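A.B. asks: Coordinates in run.txt, compact mmCIF, C-alpha atoms, are listed below.
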# COMPACT_ATOMS: atom_id res chain seq x y z
CA MET G 1 23.50 112.30 8.81
CA THR G 2 21.20 109.44 7.79
CA ASN G 3 17.52 109.29 8.58
CA ARG G 4 16.55 106.88 11.27
CA MET G 5 14.39 104.08 9.94
CA THR G 6 11.11 103.35 11.69
CA ALA G 7 10.28 99.64 11.52
CA LYS G 8 6.71 98.35 11.91
CA THR G 9 5.40 94.80 11.64
CA ILE G 10 1.79 93.93 10.83
CA SER G 11 -0.01 90.90 9.41
CA GLU G 12 -2.00 90.47 6.24
CA TYR G 13 -5.15 92.61 6.60
CA GLY G 14 -3.48 94.51 9.42
CA TYR G 15 -3.76 98.30 9.80
CA ILE G 16 -1.13 101.04 9.60
CA TYR G 17 -2.38 104.48 10.57
CA PHE G 18 -1.60 108.06 11.51
CA GLU G 19 -5.01 108.64 13.08
CA GLU G 20 -6.61 105.57 14.60
CA PRO G 21 -9.78 104.61 12.69
CA LYS G 22 -13.07 104.37 14.58
CA TYR G 23 -13.34 100.69 13.73
CA LEU G 24 -10.41 98.30 13.97
CA ASN G 25 -10.82 94.57 13.46
CA ASP G 26 -9.01 93.11 16.46
CA LYS G 27 -8.47 89.86 14.55
CA PHE G 28 -5.60 91.61 12.77
CA THR G 29 -2.59 93.64 13.91
CA HIS G 30 -2.35 97.44 13.78
CA GLU G 31 0.47 99.97 14.19
CA ARG G 32 0.67 103.77 14.41
CA ILE G 33 3.13 105.88 12.38
CA THR G 34 3.89 109.62 12.20
CA GLU G 35 2.21 112.00 9.77
CA ASN G 36 5.40 112.36 7.69
CA GLU G 37 5.78 108.57 7.48
CA PHE G 38 2.14 108.25 6.52
CA ASN G 39 2.59 110.79 3.72
CA GLU G 40 5.58 108.82 2.39
CA LEU G 41 3.38 105.74 2.29
CA LEU G 42 0.57 107.68 0.63
CA GLU G 43 2.96 108.87 -2.09
CA TYR G 44 3.91 105.24 -2.75
CA TRP G 45 0.24 104.20 -2.83
CA ASN G 46 -0.58 106.96 -5.36
CA ASP G 47 2.30 105.97 -7.64
CA THR G 48 0.61 103.13 -9.57
CA ASP G 49 -2.59 101.12 -9.62
CA ASN G 50 -0.56 98.02 -8.80
CA ASN G 51 0.59 99.54 -5.52
CA GLN G 52 -3.04 100.12 -4.60
CA SER G 53 -3.69 96.38 -4.78
CA ILE G 54 -1.53 95.71 -1.72
CA LEU G 55 -2.90 98.48 0.50
CA GLU G 56 -6.50 99.62 0.91
CA TYR G 57 -6.95 103.36 1.47
CA THR G 58 -10.31 105.04 1.90
CA GLY G 59 -9.25 108.67 2.21
CA LYS G 60 -8.95 108.37 5.98
CA LYS G 61 -5.65 108.44 7.82
CA TYR G 62 -5.07 104.70 7.68
CA PHE G 63 -4.16 101.86 5.33
CA LYS G 64 -5.22 98.24 5.51
CA ALA G 65 -2.94 95.54 4.12
CA THR G 66 -4.32 92.93 1.73
CA SER G 67 -3.04 89.41 1.03
CA TYR G 68 0.53 90.34 0.06
CA VAL G 69 3.40 89.48 2.39
CA GLY G 70 6.84 91.07 2.43
CA VAL G 71 8.30 94.52 3.00
CA ILE G 72 7.57 98.07 1.83
CA GLN G 73 10.52 100.32 2.56
CA SER G 74 10.63 104.08 2.05
CA LYS G 75 13.25 106.63 3.08
CA THR G 76 12.29 106.61 6.76
CA LEU G 77 9.75 103.78 7.12
CA SER G 78 9.91 100.00 6.81
CA ILE G 79 6.63 98.09 6.97
CA GLU G 80 6.95 94.35 7.26
CA ILE G 81 3.80 92.36 6.43
CA LEU G 82 3.80 88.83 7.82
CA PRO G 83 1.41 85.96 6.98
CA LYS G 84 -1.92 86.23 8.80
CA ILE G 85 -0.97 83.34 11.10
CA TYR G 86 1.03 86.09 12.86
CA LYS G 87 -1.35 87.80 15.28
CA ASN G 88 0.21 89.85 18.02
CA PRO G 89 2.47 92.92 17.59
CA GLU G 90 3.51 92.44 21.21
CA ASP G 91 5.08 89.08 20.42
CA SER G 92 8.78 88.70 21.15
CA GLU G 93 11.33 89.05 18.38
CA GLU G 94 11.93 85.30 18.63
CA VAL G 95 8.27 84.62 17.79
CA LYS G 96 8.37 87.09 14.88
CA LYS G 97 11.55 85.43 13.64
CA ASN G 98 9.76 82.09 13.63
CA TYR G 99 6.96 83.45 11.42
CA ARG G 100 9.49 85.05 9.07
CA ASN G 101 11.41 81.81 8.72
CA ILE G 102 8.21 79.87 7.97
CA PHE G 103 7.37 82.36 5.22
CA ILE G 104 10.87 82.35 3.72
CA GLN G 105 10.93 78.56 3.55
CA MET G 106 7.43 78.49 2.00
CA LEU G 107 8.68 80.96 -0.57
CA LYS G 108 11.61 78.89 -1.82
CA PRO G 109 9.56 76.67 -4.18
CA LEU G 110 7.90 79.79 -5.64
CA ILE G 111 11.19 81.44 -6.54
CA ASP G 112 12.35 78.05 -7.82
CA ILE G 113 15.43 77.67 -5.67
CA ASN G 114 16.74 74.17 -6.28
CA GLU G 115 18.17 73.68 -2.79
CA VAL G 116 14.67 73.90 -1.45
CA GLN G 117 15.21 71.54 1.46
CA ILE G 118 15.62 73.30 4.77
CA ASN G 119 19.13 74.33 5.53
CA LYS G 120 19.42 75.64 9.06
CA ALA G 121 22.62 77.44 8.13
CA ASN G 122 20.67 79.60 5.68
CA LEU G 123 18.81 81.30 8.53
CA SER G 124 21.30 80.94 11.35
CA THR G 125 22.49 84.55 11.07
CA THR G 126 19.16 86.25 10.44
CA LYS G 127 18.71 87.26 14.11
CA ASN G 128 15.86 89.77 14.18
CA LYS G 129 16.04 90.83 10.55
CA ASN G 130 12.85 91.59 8.68
CA ILE G 131 11.87 89.71 5.52
CA TYR G 132 13.73 92.13 3.26
CA GLU G 133 16.97 91.84 5.25
CA ILE G 134 16.58 88.04 5.28
CA PHE G 135 16.36 88.09 1.48
CA ILE G 136 19.52 90.18 1.35
CA ALA G 137 21.21 87.74 3.74
CA MET G 138 20.20 84.82 1.51
CA PHE G 139 21.62 86.60 -1.57
CA ILE G 140 24.86 87.25 0.34
CA GLU G 141 25.15 83.60 1.31
CA TYR G 142 24.65 82.29 -2.22
CA LEU G 143 27.02 84.94 -3.57
CA ASP G 144 29.65 83.86 -1.01
CA GLU G 145 29.41 80.33 -2.43
CA LEU G 146 29.84 81.72 -5.96
CA ILE G 147 32.88 83.78 -4.94
CA HIS G 148 34.40 80.73 -3.27
CA LYS G 149 34.08 78.80 -6.55
CA GLY G 150 35.48 81.76 -8.51
CA LEU G 151 34.17 84.49 -10.79
CA LYS G 152 33.85 83.35 -14.37
CA SER G 153 35.74 85.30 -17.02
CA SER G 154 35.25 85.51 -20.77
CA TYR G 155 36.87 87.13 -23.77
CA ILE G 156 35.69 90.74 -23.99
CA SER G 157 36.18 92.74 -27.19
CA LYS G 158 38.01 96.02 -26.44
CA GLU G 159 39.47 98.97 -28.34
CA ASP G 160 42.38 101.07 -27.13
CA ASN G 161 45.30 103.21 -28.25
CA HIS G 162 48.38 101.12 -27.39
CA TYR G 163 52.13 101.65 -27.60
CA PHE G 164 52.40 98.28 -29.33
CA LEU G 165 50.45 96.41 -31.96
CA LYS G 166 47.99 94.06 -30.31
CA GLY G 167 45.10 92.29 -32.04
CA ARG G 168 43.70 94.00 -35.15
CA LEU G 169 44.63 97.53 -36.24
CA LYS G 170 41.54 99.80 -36.62
CA PHE G 171 42.93 101.75 -39.57
CA ASN G 172 40.47 104.69 -39.73
CA GLN G 173 40.61 105.41 -35.99
CA HIS G 174 44.38 104.90 -36.02
CA ILE G 175 44.80 107.60 -38.69
CA LYS G 176 42.51 110.03 -36.81
CA GLN G 177 44.09 109.64 -33.41
CA ASN G 178 47.70 108.89 -34.24
CA TYR G 179 48.49 111.23 -37.15
CA ILE G 180 51.07 112.93 -34.96
CA ARG G 181 51.68 110.23 -32.32
CA LYS G 182 53.53 107.78 -34.53
CA GLU G 183 54.48 105.55 -31.58
CA ARG G 184 50.87 104.42 -30.95
CA PHE G 185 48.47 101.93 -32.50
CA TYR G 186 44.68 102.07 -32.29
CA VAL G 187 43.73 98.41 -32.06
CA GLU G 188 40.80 96.07 -31.37
CA PHE G 189 41.57 92.98 -29.31
CA ASP G 190 39.98 90.33 -27.09
CA GLU G 191 40.88 90.28 -23.43
CA TYR G 192 40.04 87.53 -20.94
CA MET G 193 38.23 89.42 -18.18
CA SER G 194 35.67 88.94 -15.42
CA ASP G 195 33.71 91.95 -16.72
CA ARG G 196 30.89 89.85 -18.21
CA VAL G 197 27.15 90.62 -17.97
CA GLU G 198 26.44 88.15 -15.17
CA ASN G 199 29.14 89.69 -12.99
CA ARG G 200 28.01 93.22 -13.87
CA LEU G 201 24.48 92.40 -12.71
CA LEU G 202 25.78 90.89 -9.47
CA LYS G 203 27.97 93.93 -8.78
CA SER G 204 25.03 96.25 -9.50
CA THR G 205 22.93 94.25 -7.04
CA ILE G 206 25.61 94.59 -4.35
CA GLU G 207 25.77 98.37 -4.84
CA LEU G 208 21.96 98.65 -4.80
CA LEU G 209 21.63 96.63 -1.60
CA LEU G 210 24.35 98.65 0.13
CA LYS G 211 22.02 101.64 -0.27
CA LYS G 212 18.91 99.73 0.83
CA THR G 213 20.05 97.62 3.75
CA ASN G 214 19.84 98.92 7.32
CA ASP G 215 21.45 95.85 8.83
CA TYR G 216 25.06 96.24 9.96
CA GLU G 217 26.03 92.61 9.25
CA ASN G 218 24.51 92.65 5.76
CA LYS G 219 26.26 95.95 4.98
CA ARG G 220 29.62 94.64 6.20
CA LYS G 221 29.43 91.47 4.10
CA LEU G 222 28.27 93.33 0.99
CA ARG G 223 31.27 95.69 1.25
CA GLN G 224 33.58 92.67 1.42
CA GLN G 225 31.95 91.15 -1.65
CA LEU G 226 32.10 94.42 -3.58
CA PHE G 227 35.90 94.33 -3.25
CA ILE G 228 35.97 90.98 -5.11
CA PHE G 229 34.16 92.62 -8.05
CA ASN G 230 36.67 95.47 -8.24
CA GLU G 231 37.56 94.81 -11.90
CA VAL G 232 33.91 94.47 -12.95
CA ASN G 233 31.86 97.41 -14.23
CA ILE G 234 28.29 98.00 -13.09
CA SER G 235 25.39 97.34 -15.45
CA THR G 236 24.15 100.45 -17.26
CA ASN G 237 21.08 98.71 -18.69
CA TYR G 238 19.56 95.89 -16.64
CA ASP G 239 17.16 94.73 -19.36
CA VAL G 240 19.88 94.45 -22.02
CA ASP G 241 22.32 92.67 -19.72
CA ILE G 242 19.64 90.28 -18.42
CA SER G 243 18.79 89.36 -22.02
CA LYS G 244 22.47 88.47 -22.58
CA ILE G 245 22.80 86.12 -19.59
CA ASN G 246 24.33 82.83 -20.68
CA LEU G 247 24.66 80.30 -17.89
CA HIS G 248 26.40 77.66 -19.97
CA ARG G 249 27.87 74.43 -18.72
CA GLY G 250 30.17 75.07 -15.80
CA MET G 251 28.24 78.14 -14.66
CA GLU G 252 25.39 76.36 -12.88
CA TYR G 253 26.49 77.86 -9.57
CA TYR G 254 25.61 81.33 -10.94
CA GLU G 255 21.93 80.42 -11.33
CA ILE G 256 20.59 81.26 -7.86
CA PRO G 257 22.63 84.47 -7.25
CA VAL G 258 21.59 85.75 -10.70
CA ARG G 259 17.95 84.89 -9.94
CA PHE G 260 18.17 86.93 -6.73
CA ALA G 261 19.81 89.76 -8.68
CA LYS G 262 16.78 89.91 -11.01
CA VAL G 263 14.44 90.06 -8.00
CA PHE G 264 16.29 93.03 -6.51
CA LEU G 265 17.25 94.92 -9.68
CA LYS G 266 13.94 94.53 -11.50
CA HIS G 267 11.65 94.40 -8.45
CA GLN G 268 10.59 90.93 -9.60
CA SER G 269 8.66 89.88 -6.52
CA PHE G 270 5.80 88.45 -8.58
CA THR G 271 3.91 91.72 -8.25
CA SER G 272 5.74 94.44 -10.23
CA LEU G 273 5.14 96.67 -7.23
CA ARG G 274 7.48 99.60 -6.95
CA GLY G 275 7.46 103.28 -6.15
CA LYS G 276 9.77 106.24 -6.56
CA ASP G 277 13.52 105.77 -6.26
CA ASN G 278 13.30 106.12 -2.48
CA VAL G 279 10.70 103.33 -2.10
CA PHE G 280 11.23 99.63 -2.54
CA ALA G 281 8.71 96.81 -2.17
CA LEU G 282 9.38 93.09 -2.01
CA LEU G 283 5.92 91.50 -1.87
CA PHE G 284 4.39 88.13 -2.62
CA PRO G 285 0.72 87.00 -2.86
CA MET G 286 0.21 84.49 -0.05
CA GLU G 287 -2.42 82.46 -1.90
CA THR G 288 0.16 81.72 -4.63
CA VAL G 289 2.92 81.07 -2.07
CA PHE G 290 0.77 78.51 -0.23
CA GLU G 291 -0.39 76.79 -3.42
CA LYS G 292 3.17 76.49 -4.72
CA TYR G 293 4.40 75.23 -1.35
CA MET G 294 1.69 72.54 -1.20
CA GLU G 295 2.64 71.48 -4.74
CA PHE G 296 6.19 71.01 -3.47
CA VAL G 297 5.01 69.04 -0.43
CA LEU G 298 2.77 66.76 -2.51
CA ASN G 299 5.58 66.03 -4.96
CA ASN G 300 7.84 65.17 -2.02
CA SER G 301 5.11 62.87 -0.64
CA LYS G 302 4.60 60.79 -3.82
CA ASP G 303 6.21 57.57 -2.61
CA ARG G 304 4.71 57.89 0.85
CA LEU G 305 1.16 58.44 -0.42
CA GLY G 306 1.25 56.22 -3.50
CA ILE G 307 0.96 59.08 -6.00
CA LYS G 308 2.02 58.46 -9.59
CA ASN G 309 1.62 62.04 -10.90
CA VAL G 310 0.66 65.43 -9.48
CA TYR G 311 -1.19 67.43 -12.15
CA ILE G 312 -1.21 71.15 -11.40
CA ASN G 313 -4.55 72.76 -12.34
CA GLY G 314 -5.74 69.42 -13.66
CA ARG G 315 -4.82 67.80 -16.95
CA SER G 316 -4.44 70.09 -19.93
CA ASP G 317 -7.50 69.09 -21.98
CA GLU G 318 -10.43 68.74 -19.58
CA TYR G 319 -13.43 71.06 -19.97
CA LEU G 320 -16.86 71.16 -18.37
CA LEU G 321 -18.81 72.52 -21.37
CA TYR G 322 -18.85 71.76 -25.08
CA ASP G 323 -20.58 73.52 -27.99
CA GLY G 324 -19.83 71.48 -31.06
CA ASN G 325 -16.08 71.71 -31.41
CA CYS G 326 -15.75 74.54 -28.92
CA LYS G 327 -14.61 73.65 -25.38
CA MET G 328 -15.39 75.98 -22.48
CA ALA G 329 -14.95 76.23 -18.71
CA ARG G 330 -11.68 74.34 -18.26
CA LEU G 331 -11.53 72.28 -15.08
CA GLN G 332 -8.65 73.42 -12.91
CA PRO G 333 -8.43 71.73 -9.52
CA ASP G 334 -5.29 72.97 -7.77
CA TYR G 335 -3.87 69.44 -7.78
CA LEU G 336 -5.25 66.32 -9.44
CA LEU G 337 -3.48 63.31 -7.95
CA GLU G 338 -3.12 60.27 -10.19
CA MET G 339 -2.72 57.39 -7.76
CA ILE G 340 -0.69 54.25 -8.41
CA GLU G 341 -3.58 52.17 -7.10
CA GLY G 342 -7.21 53.24 -7.20
CA LYS G 343 -8.99 56.32 -8.48
CA ASP G 344 -7.70 59.88 -8.81
CA ILE G 345 -7.91 62.25 -5.86
CA ILE G 346 -9.12 65.86 -6.07
CA THR G 347 -7.21 68.28 -3.84
CA ASP G 348 -7.33 72.05 -3.43
CA ALA G 349 -5.33 74.50 -1.33
CA LYS G 350 -6.72 77.69 0.21
CA TRP G 351 -4.73 80.21 2.17
CA LYS G 352 -7.62 80.82 4.50
CA GLN G 353 -8.13 80.71 8.25
CA ILE G 354 -10.80 78.09 8.78
CA ILE G 355 -12.82 78.53 11.96
CA LEU G 356 -15.02 75.88 13.52
CA LYS G 357 -17.68 77.92 15.30
CA GLU G 358 -20.74 76.86 17.26
CA ASN G 359 -24.02 77.78 15.54
CA GLU G 360 -26.48 77.98 18.43
CA SER G 361 -29.56 78.35 16.22
CA LYS G 362 -28.76 75.14 14.33
CA GLY G 363 -27.27 73.28 17.28
CA CYS G 364 -24.05 72.38 15.47
CA ASP G 365 -20.52 73.51 14.67
CA ALA G 366 -20.25 75.38 11.37
CA VAL G 367 -17.15 75.88 9.20
CA ASN G 368 -16.55 79.17 7.36
CA ILE G 369 -15.95 77.56 3.97
CA SER G 370 -17.16 79.67 1.04
CA SER G 371 -20.05 78.56 -1.16
CA GLY G 372 -17.90 79.17 -4.25
CA ASP G 373 -15.30 76.67 -3.03
CA VAL G 374 -18.03 74.14 -2.21
CA TYR G 375 -19.61 74.41 -5.70
CA GLN G 376 -16.24 74.26 -7.42
CA ILE G 377 -15.12 71.11 -5.60
CA PHE G 378 -18.56 69.56 -6.22
CA SER G 379 -18.14 69.98 -9.97
CA TYR G 380 -14.68 68.35 -9.83
CA LEU G 381 -16.00 65.37 -7.87
CA HIS G 382 -18.71 64.74 -10.48
CA TYR G 383 -16.58 65.27 -13.58
CA TYR G 384 -13.60 63.11 -12.69
CA ASP G 385 -13.60 59.39 -12.13
CA ALA G 386 -12.19 60.13 -8.72
CA ARG G 387 -12.66 59.13 -5.12
CA ASN G 388 -15.80 60.49 -3.51
CA THR G 389 -13.79 62.57 -1.03
CA ALA G 390 -11.95 65.73 -2.07
CA TYR G 391 -9.21 67.14 0.18
CA LEU G 392 -8.88 70.83 0.97
CA PHE G 393 -5.54 71.98 2.45
CA VAL G 394 -5.60 75.04 4.72
CA PRO G 395 -3.08 76.46 7.22
CA LYS G 396 -3.35 75.07 10.74
CA THR G 397 -4.29 77.72 13.32
CA GLU G 398 -5.24 77.86 16.99
CA ASN G 399 -8.89 77.83 15.94
CA PHE G 400 -8.59 74.92 13.52
CA LYS G 401 -6.25 72.08 14.44
CA GLU G 402 -8.11 68.89 13.54
CA ASN G 403 -9.31 67.38 10.26
CA GLN G 404 -12.96 68.12 9.50
CA THR G 405 -15.09 66.05 7.10
CA LEU G 406 -18.14 67.63 5.48
CA THR G 407 -20.72 65.64 3.49
CA TYR G 408 -22.69 67.06 0.60
CA GLY G 409 -26.41 66.96 1.42
CA MET G 410 -28.45 65.91 -1.61
CA SER G 411 -32.14 65.06 -1.84
CA HIS G 412 -31.89 62.97 -5.00
CA THR G 413 -31.64 59.26 -4.12
CA VAL G 414 -28.94 58.40 -6.68
CA MET G 415 -26.78 61.37 -5.76
CA LYS G 416 -27.28 60.73 -2.07
CA ALA G 417 -25.86 57.23 -2.35
CA GLU G 418 -22.60 58.57 -3.68
CA SER G 419 -21.84 60.40 -0.40
CA LYS G 420 -19.59 63.10 -1.84
CA LYS G 421 -17.39 64.65 0.85
CA ILE G 422 -14.85 67.39 1.48
CA LYS G 423 -12.17 66.66 4.03
CA ILE G 424 -10.46 69.82 5.31
CA ILE G 425 -6.85 69.16 6.30
CA PRO G 426 -5.07 71.79 8.46
CA ILE G 427 -1.40 71.85 7.44
CA ASP G 428 1.02 72.34 10.31
CA LEU G 429 3.50 74.60 8.49
CA GLU G 430 5.74 75.01 11.51
CA ASN G 431 6.08 71.23 11.91
CA LEU G 432 6.72 70.64 8.20
CA ILE G 433 9.44 73.27 8.09
CA GLN G 434 11.16 73.04 11.47
CA ASN G 435 11.32 69.25 11.49
CA ASN G 436 12.62 69.06 7.93
CA LYS G 437 9.63 66.82 7.17
CA PHE G 438 8.22 68.06 3.85
CA VAL G 439 5.89 65.09 3.53
CA LEU G 440 2.26 64.49 4.41
CA ASP G 441 0.88 61.83 6.75
CA LYS G 442 1.16 58.45 4.97
CA ASP G 443 -2.40 57.50 6.06
CA MET G 444 -3.98 60.74 4.87
CA PHE G 445 -5.85 59.24 1.89
CA ASN G 446 -6.53 55.78 3.30
CA GLU G 447 -9.74 56.67 5.14
CA TYR G 448 -11.90 57.08 2.02
CA LYS G 449 -11.05 54.89 -0.93
As structure tokens, what does this structure read like?

C.D. replies:
Amino acid sequence: MTNRMTAKTISEYGYIYFEEPKYLNDKFTHERITENEFNELLEYWNDTDNNQSILEYTGKKYFKATSYVGVIQSKTLSIEILPKIYKNPEDSEEVKKNYRNIFIQMLKPLIDINEVQINKANLSTTKNKNIYEIFIAMFIEYLDELIHKGLKSSYISKEDNHYFLKGRLKFNQHIKQNYIRKERFYVEFDEYMSDRVENRLLKSTIELLLKKTNDYENKRKLRQQLFIFNEVNISTNYDVDISKINLHRGMEYYEIPVRFAKVFLKHQSFTSLRGKDNVFALLFPMETVFEKYMEFVLNNSKDRLGIKNVYINGRSDEYLLYDGNCKMARLQPDYLLEMIEGKDIITDAKWKQIILKENESKGCDAVNISSGDVYQIFSYLHYYDARNTAYLFVPKTENFKENQTLTYGMSHTVMKAESKKIKIIPIDLENLIQNNKFVLDKDMFNEYK
């Protein structure tokens, strides 16, 4: 009899608890679990320091999620952490599915999947699966394509005691084993087989996921695929086999399934977060996911926006401080846009919920942008020969839907004339993804030249 899995969904910074804490921030989701489930989660949290970076625990009977999104799955508990744009645990499964799909599509550039454009078929069978099951479904789909094209074989060196001479006689072993059995030959030979390291890793992934998945459709498809790998052994050493991967010409279609295999087998979810054998975590830092996604969007918007080059973290040899020959404090704007016409443009991306809130004492609407971000962008605007307006990309939310331009206030006459500005651009992720758009508004940078 298998244990029934309890599934809970919260957002970044959401709470999971056995005893409800006295103070809960209603801005974020919260879910109750049983004491046994809580203890399973506590064991995972205690396992490594890395695990403690994705859950905050204060010794009370609750955990608070941080900025990682994905799934933590123990023997009896599955906790799905969605991006913080997800707010309400009472939302329908259709709404949750929408948030999952947005996250999965944002994630594709980060895991470097070449077919990064939206393919509705990829997610057509996900139904109400959580992020982990969606990842399994994606692996299954890419593996189906591989199987359709055919498993690659190679010549494998083997030794065996045959009734006929085949290949090269291993004289010493032949004498030892066949002193009495004169009709046999101990030989070494090459055999053309599908039992190569890439296939062993894929078969090992199938067997692992059969133990981890709780989705009937995923389990059914994995069993069908396992049959195709019947003549392939499982990997006995993932690290050794991964080091031997050779995706030579003609094996390009292995690239994505093998990349997924590494994620599952080696827990490579950009976090190295894992627990005991009965706990699995597939987690991604949302700040990195958003930055990588915006890099992808900007590169897809080059022609539309008149961009010649998108430099990630600035150009390679630009520093703010010098001491003789020593360079210090490298300038690293998220994206430095070299325009075909006109000056460079400074852009940054922050996975942050911007709120435009009325400040009654000052009689104005204030934006919750951090001082650190303001200072950092200010230094970029004054170092580079760039336009006077920097652009800050943030996720669009119910509280922040429209562009907001902020001007640096400076008392010095010369500086004042320059009118340095930050324009905050809310990115409509749902629109970009669902409408297969992937490009920014063509007039975005025309306002301030």

A.B. asks: Within 10 Å of Lys60 of chain G, counting all atoms listed in the file, which residues qualify if same-chain residues fewer than 4 places away don't, as a list in words?

C.D. replies: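 Contacts, in chain order: Tyr17, Phe18, Glu19, Glu20 and Pro21 of chain G.
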
A.B. asks: Using C-alpha atoms, can you export the residues from the last selection as an mmCIF file, in the frame of the given file?

C.D. replies:
data_model
loop_
_atom_site.group_PDB
_atom_site.id
_atom_site.type_symbol
_atom_site.label_atom_id
_atom_site.label_comp_id
_atom_site.auth_asym_id
_atom_site.auth_seq_id
_atom_site.Cartn_x
_atom_site.Cartn_y
_atom_site.Cartn_z
ATOM 1 C CA TYR G 17 -2.380 104.480 10.570
ATOM 2 C CA PHE G 18 -1.600 108.060 11.510
ATOM 3 C CA GLU G 19 -5.010 108.640 13.080
ATOM 4 C CA GLU G 20 -6.610 105.570 14.600
ATOM 5 C CA PRO G 21 -9.780 104.610 12.690
#

A.B. asks: Atom CA of Lys27 of chain G to atom CA of Thr407 of chain G: how many Å, to one decimal?

C.D. replies: 29.3 Å

A.B. asks: Please list as a count of residues only every residue within 7 Å of Arg330 of chain G, counting only C-alpha atoms and excluding residues in the same chain fewer than 4 positions away.

C.D. replies: 3

A.B. asks: Which of these residues is nearest to Val71 of chain G, using only C-alpha atoms: G:Thr58, G:Asn130, G:Asn46, G:Gln173?

C.D. replies: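 So, comparing all the options, the nearest one is G:Asn130.
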
A.B. asks: When you count all atoms listed in the file, which of these residues is closest to Pro426 of chain G: G:Cys326, G:Leu356, G:Met138, G:Ile33?

C.D. replies: G:Leu356

A.B. asks: Counting only C-alpha atoms, what is within 10 Å of Phe393 of chain G, bar same-chain residues fewer than 2 positions away, as an MDAnalysis selection string?

C.D. replies: chainID G and resid 290:291 294 347:352 391 395:396 403 423:427

A.B. asks: Give me, as a VMD selection string, all polymer residues having an atom no more than 12 Å from Asp334 of chain G, counting all atoms listed in the file and skipping those fewer than 3 positions away in the same chain.

C.D. replies: chain G and resid 287 to 288 290 to 295 298 310 to 315 331 337 345 to 350 373 376 to 377 380 390 to 393

A.B. asks: Can I get segment 204-215 of chain G with N, CA, C and O atoms filled in, as a short mmCIF file (atom, residue, chain, number, x, y, z; two decimals), in the coordinates of the input?

C.D. replies:
data_model
loop_
_atom_site.label_atom_id
_atom_site.label_comp_id
_atom_site.auth_asym_id
_atom_site.auth_seq_id
_atom_site.Cartn_x
_atom_site.Cartn_y
_atom_site.Cartn_z
N SER G 204 26.08 95.22 -9.60
CA SER G 204 25.03 96.25 -9.50
C SER G 204 24.08 95.94 -8.35
O SER G 204 23.61 96.85 -7.65
N THR G 205 23.80 94.65 -8.15
CA THR G 205 22.93 94.25 -7.04
C THR G 205 23.59 94.57 -5.70
O THR G 205 22.94 95.08 -4.78
N ILE G 206 24.88 94.28 -5.59
CA ILE G 206 25.61 94.59 -4.35
C ILE G 206 25.52 96.09 -4.04
O ILE G 206 25.23 96.50 -2.92
N GLU G 207 25.78 96.92 -5.06
CA GLU G 207 25.77 98.37 -4.84
C GLU G 207 24.36 98.87 -4.48
O GLU G 207 24.20 99.75 -3.64
N LEU G 208 23.33 98.28 -5.12
CA LEU G 208 21.96 98.65 -4.80
C LEU G 208 21.64 98.30 -3.35
O LEU G 208 21.08 99.12 -2.60
N LEU G 209 21.98 97.09 -2.94
CA LEU G 209 21.63 96.63 -1.60
C LEU G 209 22.41 97.36 -0.51
O LEU G 209 21.92 97.52 0.61
N LEU G 210 23.60 97.83 -0.84
CA LEU G 210 24.35 98.65 0.13
C LEU G 210 23.58 99.93 0.46
O LEU G 210 23.68 100.45 1.57
N LYS G 211 22.83 100.44 -0.51
CA LYS G 211 22.02 101.64 -0.27
C LYS G 211 20.73 101.31 0.47
O LYS G 211 20.18 102.16 1.19
N LYS G 212 20.22 100.08 0.28
CA LYS G 212 18.91 99.73 0.83
C LYS G 212 18.96 99.11 2.22
O LYS G 212 18.05 99.28 3.02
N THR G 213 20.02 98.34 2.50
CA THR G 213 20.05 97.62 3.75
C THR G 213 20.27 98.55 4.95
O THR G 213 21.00 99.54 4.85
N ASN G 214 19.63 98.21 6.06
CA ASN G 214 19.84 98.92 7.32
C ASN G 214 20.45 98.00 8.37
O ASN G 214 20.49 98.34 9.55
N ASP G 215 20.89 96.83 7.91
CA ASP G 215 21.45 95.85 8.83
C ASP G 215 22.97 95.90 8.77
O ASP G 215 23.56 95.77 7.69
#
